[in-house]
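Undergrad: So that you have it, the file is target00.pdb, and it contains PDB, C-alpha atoms:
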```pdb
ATOM      1  CA  MET D   1     -11.191 -18.174 -37.973
ATOM      2  CA  GLU D   2     -10.740 -19.788 -34.540
ATOM      3  CA  TYR D   3      -7.921 -17.352 -33.723
ATOM      4  CA  PHE D   4     -10.149 -14.420 -34.628
ATOM      5  CA  THR D   5     -12.935 -15.842 -32.463
ATOM      6  CA  LEU D   6     -10.557 -16.264 -29.514
ATOM      7  CA  PHE D   7      -9.183 -12.756 -30.027
ATOM      8  CA  MET D   8     -12.600 -11.067 -30.217
ATOM      9  CA  GLY D   9     -13.839 -13.144 -27.311
ATOM     10  CA  ALA D  10     -10.928 -11.965 -25.170
ATOM     11  CA  VAL D  11     -11.298  -8.304 -26.177
ATOM     12  CA  VAL D  12     -15.058  -7.841 -25.995
ATOM     13  CA  VAL D  13     -17.152 -10.832 -24.944
ATOM     14  CA  ASN D  14     -14.998 -12.111 -22.088
ATOM     15  CA  ASN D  15     -13.327  -8.817 -21.208
ATOM     16  CA  PHE D  16     -11.554  -9.550 -17.940
ATOM     17  CA  VAL D  17     -12.155  -6.116 -16.440
ATOM     18  CA  LEU D  18     -15.793  -5.613 -17.375
ATOM     19  CA  THR D  19     -17.149  -9.173 -17.292
ATOM     20  CA  LYS D  20     -14.881 -11.004 -14.842
ATOM     21  CA  PHE D  21     -13.891  -7.966 -12.720
ATOM     22  CA  LEU D  22     -10.150  -8.692 -12.677
ATOM     23  CA  GLY D  23      -7.499  -5.969 -12.672
ATOM     24  CA  LEU D  24      -9.667  -3.378 -10.943
ATOM     25  CA  CYS D  25      -6.941  -1.790  -8.799
ATOM     26  CA  ILE D  26      -5.137  -0.374 -11.835
ATOM     27  CA  PHE D  27      -8.444   0.151 -13.659
ATOM     28  CA  PHE D  28      -9.748   2.562 -11.020
ATOM     29  CA  GLY D  29      -6.397   4.033 -10.030
ATOM     30  CA  VAL D  30      -5.023   5.017 -13.437
ATOM     31  CA  SER D  31      -8.252   5.783 -15.303
ATOM     32  CA  LYS D  32      -8.339   9.380 -14.059
ATOM     33  CA  ASN D  33      -6.131  10.431 -16.983
ATOM     34  CA  LEU D  34      -6.639   9.328 -20.610
ATOM     35  CA  SER D  35      -2.998   9.416 -21.710
ATOM     36  CA  ALA D  36      -1.857   7.545 -18.590
ATOM     37  CA  SER D  37      -4.606   4.974 -19.202
ATOM     38  CA  ALA D  38      -3.601   4.410 -22.819
ATOM     39  CA  GLY D  39       0.018   3.955 -21.800
ATOM     40  CA  MET D  40      -0.939   1.604 -18.968
ATOM     41  CA  GLY D  41      -3.074  -0.432 -21.372
ATOM     42  CA  ILE D  42      -0.079  -0.837 -23.673
ATOM     43  CA  ALA D  43       2.214  -1.711 -20.755
ATOM     44  CA  VAL D  44      -0.177  -4.325 -19.333
ATOM     45  CA  THR D  45      -0.664  -5.824 -22.800
ATOM     46  CA  ALA D  46       3.101  -6.036 -23.339
ATOM     47  CA  VAL D  47       3.658  -7.712 -19.957
ATOM     48  CA  MET D  48       0.784 -10.128 -20.576
ATOM     49  CA  VAL D  49       2.060 -11.143 -24.017
ATOM     50  CA  MET D  50       5.707 -11.518 -22.968
ATOM     51  CA  SER D  51       4.875 -13.379 -19.765
ATOM     52  CA  SER D  52       2.372 -15.653 -21.534
ATOM     53  CA  ALA D  53       4.929 -16.574 -24.187
ATOM     54  CA  LEU D  54       7.676 -17.335 -21.694
ATOM     55  CA  ALA D  55       5.266 -18.981 -19.237
ATOM     56  CA  TRP D  56       4.069 -21.343 -21.967
ATOM     57  CA  LEU D  57       7.656 -22.304 -22.800
ATOM     58  CA  ILE D  58       8.648 -22.797 -19.151
ATOM     59  CA  TYR D  59       5.523 -24.788 -18.365
ATOM     60  CA  ASN D  60       5.688 -27.080 -21.400
ATOM     61  CA  PHE D  61       9.454 -27.621 -21.519
ATOM     62  CA  ILE D  62      10.453 -27.516 -17.835
ATOM     63  CA  LEU D  63       7.583 -27.779 -15.334
ATOM     64  CA  LEU D  64       5.482 -30.405 -17.135
ATOM     65  CA  PRO D  65       8.274 -32.802 -18.215
ATOM     66  CA  PHE D  66       9.942 -32.740 -14.779
ATOM     67  CA  GLY D  67       6.693 -33.092 -12.819
ATOM     68  CA  LEU D  68       6.982 -29.651 -11.253
ATOM     69  CA  THR D  69       3.506 -28.388 -12.159
ATOM     70  CA  PHE D  70       2.804 -27.699  -8.480
ATOM     71  CA  MET D  71       5.224 -24.759  -8.826
ATOM     72  CA  THR D  72       3.326 -23.167 -11.738
ATOM     73  CA  THR D  73       1.856 -20.211  -9.860
ATOM     74  CA  ALA D  74       5.079 -19.360  -8.042
ATOM     75  CA  VAL D  75       7.129 -19.552 -11.250
ATOM     76  CA  PHE D  76       4.624 -17.415 -13.143
ATOM     77  CA  VAL D  77       4.582 -14.764 -10.384
ATOM     78  CA  LEU D  78       8.396 -14.550 -10.479
ATOM     79  CA  LEU D  79       8.324 -14.356 -14.263
ATOM     80  CA  ILE D  80       5.772 -11.531 -14.300
ATOM     81  CA  ALA D  81       7.614  -9.637 -11.554
ATOM     82  CA  SER D  82      10.798  -9.842 -13.651
ATOM     83  CA  PHE D  83       9.037  -8.451 -16.718
ATOM     84  CA  VAL D  84       7.508  -5.616 -14.728
ATOM     85  CA  GLN D  85      10.897  -4.738 -13.237
ATOM     86  CA  LEU D  86      12.379  -4.645 -16.736
ATOM     87  CA  LEU D  87       9.483  -2.511 -17.967
ATOM     88  CA  GLU D  88       9.913  -0.140 -15.016
ATOM     89  CA  MET D  89      13.590   0.398 -15.832
ATOM     90  CA  VAL D  90      12.844   1.046 -19.520
ATOM     91  CA  ILE D  91       9.959   3.472 -18.790
ATOM     92  CA  LYS D  92      11.989   5.311 -16.139
ATOM     93  CA  LYS D  93      14.877   5.797 -18.577
ATOM     94  CA  TYR D  94      12.981   6.661 -21.759
ATOM     95  CA  SER D  95       9.787   8.309 -20.461
ATOM     96  CA  PRO D  96      10.219   9.820 -16.986
ATOM     97  CA  ALA D  97       6.964  11.781 -17.313
ATOM     98  CA  LEU D  98       4.983   8.603 -17.901
ATOM     99  CA  TYR D  99       6.871   6.895 -15.083
ATOM    100  CA  ASN D 100       5.906   9.703 -12.683
ATOM    101  CA  MET D 101       2.306   9.755 -13.930
ATOM    102  CA  TRP D 102       1.820   6.027 -13.240
ATOM    103  CA  GLY D 103       3.479   6.111  -9.838
ATOM    104  CA  ILE D 104       2.822   3.033  -7.723
ATOM    105  CA  TYR D 105       0.454   1.570 -10.308
ATOM    106  CA  LEU D 106       3.374   0.487 -12.488
ATOM    107  CA  LEU D 107       4.554  -1.869  -9.753
ATOM    108  CA  LEU D 108       0.989  -3.087  -9.233
ATOM    109  CA  ILE D 109       1.136  -4.720 -12.674
ATOM    110  CA  ALA D 110       3.346  -7.389 -11.101
ATOM    111  CA  THR D 111       0.682  -8.350  -8.571
ATOM    112  CA  ASN D 112      -2.330  -7.675 -10.763
ATOM    113  CA  CYS D 113      -4.605 -10.679 -10.974
ATOM    114  CA  ILE D 114      -5.408 -10.132 -14.660
ATOM    115  CA  VAL D 115      -1.731 -10.375 -15.617
ATOM    116  CA  LEU D 116      -1.313 -13.643 -13.706
ATOM    117  CA  SER D 117      -4.634 -15.116 -14.792
ATOM    118  CA  ILE D 118      -3.830 -15.149 -18.522
ATOM    119  CA  PRO D 119      -0.807 -17.499 -18.360
ATOM    120  CA  LEU D 120      -2.665 -19.671 -15.837
ATOM    121  CA  ILE D 121      -5.751 -19.868 -18.053
ATOM    122  CA  ASN D 122      -3.573 -20.658 -21.070
ATOM    123  CA  VAL D 123      -1.924 -23.551 -19.217
ATOM    124  CA  GLU D 124      -5.156 -24.811 -17.670
ATOM    125  CA  SER D 125      -6.912 -24.742 -21.060
ATOM    126  CA  SER D 126      -3.971 -26.559 -22.712
ATOM    127  CA  TYR D 127      -3.648 -23.833 -25.329
ATOM    128  CA  GLY D 128      -0.852 -24.169 -27.863
ATOM    129  CA  PHE D 129       1.816 -21.486 -28.121
ATOM    130  CA  LEU D 130       0.113 -19.385 -30.819
ATOM    131  CA  TYR D 131      -3.293 -19.766 -29.180
ATOM    132  CA  SER D 132      -1.776 -18.561 -25.886
ATOM    133  CA  LEU D 133      -0.299 -15.501 -27.591
ATOM    134  CA  VAL D 134      -3.594 -14.642 -29.302
ATOM    135  CA  ASN D 135      -5.402 -14.972 -25.965
ATOM    136  CA  ALA D 136      -2.813 -12.759 -24.254
ATOM    137  CA  VAL D 137      -2.954 -10.069 -26.958
ATOM    138  CA  GLY D 138      -6.760 -10.102 -26.964
ATOM    139  CA  SER D 139      -6.986  -9.976 -23.173
ATOM    140  CA  GLY D 140      -4.425  -7.177 -23.001
ATOM    141  CA  LEU D 141      -6.214  -5.136 -25.628
ATOM    142  CA  GLY D 142      -9.496  -5.816 -23.813
ATOM    143  CA  PHE D 143      -7.938  -4.364 -20.667
ATOM    144  CA  ALA D 144      -6.644  -1.391 -22.678
ATOM    145  CA  LEU D 145     -10.095  -0.836 -24.201
ATOM    146  CA  ALA D 146     -11.784  -0.933 -20.802
ATOM    147  CA  ILE D 147      -9.337   1.442 -19.114
ATOM    148  CA  VAL D 148      -9.403   3.923 -22.027
ATOM    149  CA  LEU D 149     -13.222   3.903 -22.087
ATOM    150  CA  MET D 150     -13.271   4.485 -18.340
ATOM    151  CA  ALA D 151     -10.705   7.296 -18.558
ATOM    152  CA  SER D 152     -12.693   8.954 -21.348
ATOM    153  CA  CYS D 153     -15.832   8.918 -19.244
ATOM    154  CA  ARG D 154     -14.032  10.171 -16.141
ATOM    155  CA  GLU D 155     -12.413  13.046 -18.043
ATOM    156  CA  LYS D 156     -15.821  14.103 -19.390
ATOM    157  CA  LEU D 157     -17.224  13.972 -15.858
ATOM    158  CA  ARG D 158     -14.797  16.665 -14.722
ATOM    159  CA  LEU D 159     -17.019  19.108 -16.590
ATOM    160  CA  ALA D 160     -20.259  17.644 -15.223
ATOM    161  CA  ASP D 161     -22.145  18.606 -12.121
ATOM    162  CA  VAL D 162     -21.759  15.411 -10.085
ATOM    163  CA  PRO D 163     -23.551  15.285  -6.722
ATOM    164  CA  LYS D 164     -21.112  15.805  -3.849
ATOM    165  CA  PRO D 165     -21.534  12.308  -2.289
ATOM    166  CA  LEU D 166     -20.755  10.646  -5.635
ATOM    167  CA  GLU D 167     -17.641  12.616  -6.540
ATOM    168  CA  GLY D 168     -14.464  10.620  -7.086
ATOM    169  CA  ILE D 169     -14.591   6.866  -6.716
ATOM    170  CA  GLY D 170     -18.372   6.782  -6.188
ATOM    171  CA  ILE D 171     -19.183   7.947  -9.698
ATOM    172  CA  ALA D 172     -16.321   5.811 -11.021
ATOM    173  CA  PHE D 173     -18.045   2.686  -9.682
ATOM    174  CA  ILE D 174     -21.319   3.741 -11.280
ATOM    175  CA  ILE D 175     -19.595   4.275 -14.636
ATOM    176  CA  ALA D 176     -17.812   0.918 -14.338
ATOM    177  CA  GLY D 177     -21.162  -0.735 -13.675
ATOM    178  CA  MET D 178     -22.668   0.896 -16.765
ATOM    179  CA  LEU D 179     -19.703  -0.177 -18.886
ATOM    180  CA  ALA D 180     -19.991  -3.722 -17.500
ATOM    181  CA  LEU D 181     -23.682  -3.783 -18.383
ATOM    182  CA  SER D 182     -22.932  -2.641 -21.916
ATOM    183  CA  PHE D 183     -20.302  -5.385 -22.341
ATOM    184  CA  LEU D 184     -22.755  -7.908 -20.896
ATOM    185  CA  GLY D 185     -24.761  -7.369 -24.082
ATOM    186  CA  PHE D 186     -22.000  -9.170 -25.991
ATOM    187  CA  SER D 187     -22.207 -12.330 -23.867
ATOM    188  CA  GLY D 188     -23.210 -15.407 -25.781
ATOM    189  CA  MET D 189     -22.027 -14.003 -29.113
ATOM    190  CA  ILE D 190     -18.673 -15.808 -29.018
ATOM    191  CA  GLY D 191     -17.731 -18.794 -26.823
TER     192      GLY D 191
END
```
Spit out the file's structure as structure tokens when you get a sec.
TA:
Amino acid sequence: MEYFTLFMGAVVVNNFVLTKFLGLCIFFGVSKNLSASAGMGIAVTAVMVMSSALAWLIYNFILLPFGLTFMTTAVFVLLIASFVQLLEMVIKKYSPALYNMWGIYLLLIATNCIVLSIPLINVESSYGFLYSLVNAVGSGLGFALAIVLMASCREKLRLADVPKPLEGIGIAFIIAGMLALSFLGFSGMIG
């Protein structure tokens, strides 16, 4: 039950994009297209899960025992950058259309604060290995949910008569605010 609570808390209640406002560069940049957003959600989730798993192992079996915890952030950044580079090579080889659709945003996963925050939160909270993975999966799927919801709204808005000053990023911020308010309704439901 505690794993389910952590998972649902990460997806809905403590959604990093809509309640903590992390990962917004990719959120606003990629959410113009629904299929690109769904793919980016999967990619970010995969990087978060893989980096959280390896970060937990490195932290608990290398950094902590040897007193090198001061290097945690630097090691985690290098780890995430390596995973993103690997992901970039795989996407470029097997799905060139998706690679071209994402453009620069694929490389932004490596420097995205949401991707780095999950392994850091897992370490800071002293989560066990399985707990860290559940948190990473939930947080990644929460990001995917937020970006897909945003892309759905933005695609519908292409058919709407949006006032000229609000076209583009202006209306995107308004939609993000409305989505954040709707997710705020879940606060307090799960710790």
Undergrad: Using the chain letters and numbers from the file, which residues does the PyMOL selection byres ((chain D and resi 79) around 12) grab, as a PDB file with C-alpha atoms, keeping the file's coordinate frame?
TA:
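Contents of out23.pdb, as written:
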```pdb
ATOM      1  CA  VAL D  47       3.658  -7.712 -19.957  1.00  0.00           C
ATOM      2  CA  MET D  48       0.784 -10.128 -20.576  1.00  0.00           C
ATOM      3  CA  MET D  50       5.707 -11.518 -22.968  1.00  0.00           C
ATOM      4  CA  SER D  51       4.875 -13.379 -19.765  1.00  0.00           C
ATOM      5  CA  SER D  52       2.372 -15.653 -21.534  1.00  0.00           C
ATOM      6  CA  ALA D  53       4.929 -16.574 -24.187  1.00  0.00           C
ATOM      7  CA  LEU D  54       7.676 -17.335 -21.694  1.00  0.00           C
ATOM      8  CA  ALA D  55       5.266 -18.981 -19.237  1.00  0.00           C
ATOM      9  CA  TRP D  56       4.069 -21.343 -21.967  1.00  0.00           C
ATOM     10  CA  LEU D  57       7.656 -22.304 -22.800  1.00  0.00           C
ATOM     11  CA  ILE D  58       8.648 -22.797 -19.151  1.00  0.00           C
ATOM     12  CA  TYR D  59       5.523 -24.788 -18.365  1.00  0.00           C
ATOM     13  CA  THR D  72       3.326 -23.167 -11.738  1.00  0.00           C
ATOM     14  CA  THR D  73       1.856 -20.211  -9.860  1.00  0.00           C
ATOM     15  CA  ALA D  74       5.079 -19.360  -8.042  1.00  0.00           C
ATOM     16  CA  VAL D  75       7.129 -19.552 -11.250  1.00  0.00           C
ATOM     17  CA  PHE D  76       4.624 -17.415 -13.143  1.00  0.00           C
ATOM     18  CA  VAL D  77       4.582 -14.764 -10.384  1.00  0.00           C
ATOM     19  CA  LEU D  78       8.396 -14.550 -10.479  1.00  0.00           C
ATOM     20  CA  ILE D  80       5.772 -11.531 -14.300  1.00  0.00           C
ATOM     21  CA  ALA D  81       7.614  -9.637 -11.554  1.00  0.00           C
ATOM     22  CA  SER D  82      10.798  -9.842 -13.651  1.00  0.00           C
ATOM     23  CA  PHE D  83       9.037  -8.451 -16.718  1.00  0.00           C
ATOM     24  CA  VAL D  84       7.508  -5.616 -14.728  1.00  0.00           C
ATOM     25  CA  GLN D  85      10.897  -4.738 -13.237  1.00  0.00           C
ATOM     26  CA  LEU D  86      12.379  -4.645 -16.736  1.00  0.00           C
ATOM     27  CA  ALA D 110       3.346  -7.389 -11.101  1.00  0.00           C
ATOM     28  CA  THR D 111       0.682  -8.350  -8.571  1.00  0.00           C
ATOM     29  CA  VAL D 115      -1.731 -10.375 -15.617  1.00  0.00           C
ATOM     30  CA  LEU D 116      -1.313 -13.643 -13.706  1.00  0.00           C
ATOM     31  CA  PRO D 119      -0.807 -17.499 -18.360  1.00  0.00           C
TER      32      PRO D 119
END
```
Undergrad: Applying the PyMOL selection byres ((chain D and resi 144-146) around 7) to the file I just gave you, which residues come out? Please list them as a compact mmCIF listing (two decimals) with C-alpha atoms, in the frame of the given file.
TA:
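Saved file result_27.txt follows:
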```txt
# COMPACT_ATOMS: atom_id res chain seq x y z
CA VAL D 17 -12.16 -6.12 -16.44
CA ALA D 38 -3.60 4.41 -22.82
CA GLY D 41 -3.07 -0.43 -21.37
CA ILE D 42 -0.08 -0.84 -23.67
CA GLY D 140 -4.42 -7.18 -23.00
CA LEU D 141 -6.21 -5.14 -25.63
CA GLY D 142 -9.50 -5.82 -23.81
CA PHE D 143 -7.94 -4.36 -20.67
CA ILE D 147 -9.34 1.44 -19.11
CA VAL D 148 -9.40 3.92 -22.03
CA LEU D 149 -13.22 3.90 -22.09
CA MET D 150 -13.27 4.49 -18.34
```
Undergrad: Which residue out of D:Asn122, D:Leu22, D:Leu133, D:Ser37 has the minimum interatomic distance to D:Glu155 when all atoms listed in the file are used?
TA: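 Selected residue with least distance to D:Glu155: D:Ser37.
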Undergrad: Given the file above and the PyMOL selection byres ((chain D and resi 23) around 9), which residues are selected, and can you give them as a PyMOL selection string?
TA: chain D and resi 16-17+21-22+24-28+109+112-115+143
Undergrad: If I take atom CA of D:Gly170 and atom CA of D:Leu157, how far is one from the other in Å, to one decimal?
TA: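 The value is 12.1 Å.
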Undergrad: Please determine, counting all atoms listed in the file, which residue among D:Gly188, D:Val30, D:Ser132, D:Tyr3 has the shortest atom-to-atom distance to D:Asn100.
TA: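 Answer, going by the shortest atom-to-atom distance: D:Val30.
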Undergrad: Counting all atoms listed in the file, which residues sit no farther than 7 Å from the position (-10.7, -10.6, -22.0) in the file's frame? I'd like them as a PDB file with C-alpha atoms, in the coordinates of the input.
TA:
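Heads up, here's the output in part-v5.pdb:
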```
ATOM      1  CA  GLY D   9     -13.839 -13.144 -27.311  1.00  0.00           C
ATOM      2  CA  ALA D  10     -10.928 -11.965 -25.170  1.00  0.00           C
ATOM      3  CA  VAL D  11     -11.298  -8.304 -26.177  1.00  0.00           C
ATOM      4  CA  VAL D  12     -15.058  -7.841 -25.995  1.00  0.00           C
ATOM      5  CA  ASN D  14     -14.998 -12.111 -22.088  1.00  0.00           C
ATOM      6  CA  ASN D  15     -13.327  -8.817 -21.208  1.00  0.00           C
ATOM      7  CA  PHE D  16     -11.554  -9.550 -17.940  1.00  0.00           C
ATOM      8  CA  GLY D 138      -6.760 -10.102 -26.964  1.00  0.00           C
ATOM      9  CA  SER D 139      -6.986  -9.976 -23.173  1.00  0.00           C
ATOM     10  CA  GLY D 142      -9.496  -5.816 -23.813  1.00  0.00           C
ATOM     11  CA  PHE D 143      -7.938  -4.364 -20.667  1.00  0.00           C
TER      12      PHE D 143
END
```
Undergrad: Work out how far atom CA of D:Ala97 is from atom CA of D:Arg158, in Å to one decimal.
TA: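 One can read the atom CA of D:Arg158 to atom CA of D:Ala97 distance as 22.5 Å.
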Undergrad: In terms of the shortest atom-to-atom distance over all atoms listed in the file, which of D:Ile169, D:Ile121, D:Leu159, D:Met40 is closest to D:Tyr99?
TA: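 When distances to D:Tyr99 are compared using all atoms listed in the file, the smallest one comes from D:Met40.
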Undergrad: What does the structure give for the distance between atom CA of D:Arg154 and atom CA of D:Leu98, in Å to one decimal?
TA: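 Going from atom CA of D:Arg154 over to atom CA of D:Leu98 covers 19.2 Å.
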Undergrad: Under the rule that all atoms listed in the file are counted, which of D:Leu120, D:Phe70, D:Ala43, D:Ser35 is the nearest residue to D:Val90?
TA: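 When distances to D:Val90 are compared using all atoms listed in the file, the smallest one comes from D:Ala43.
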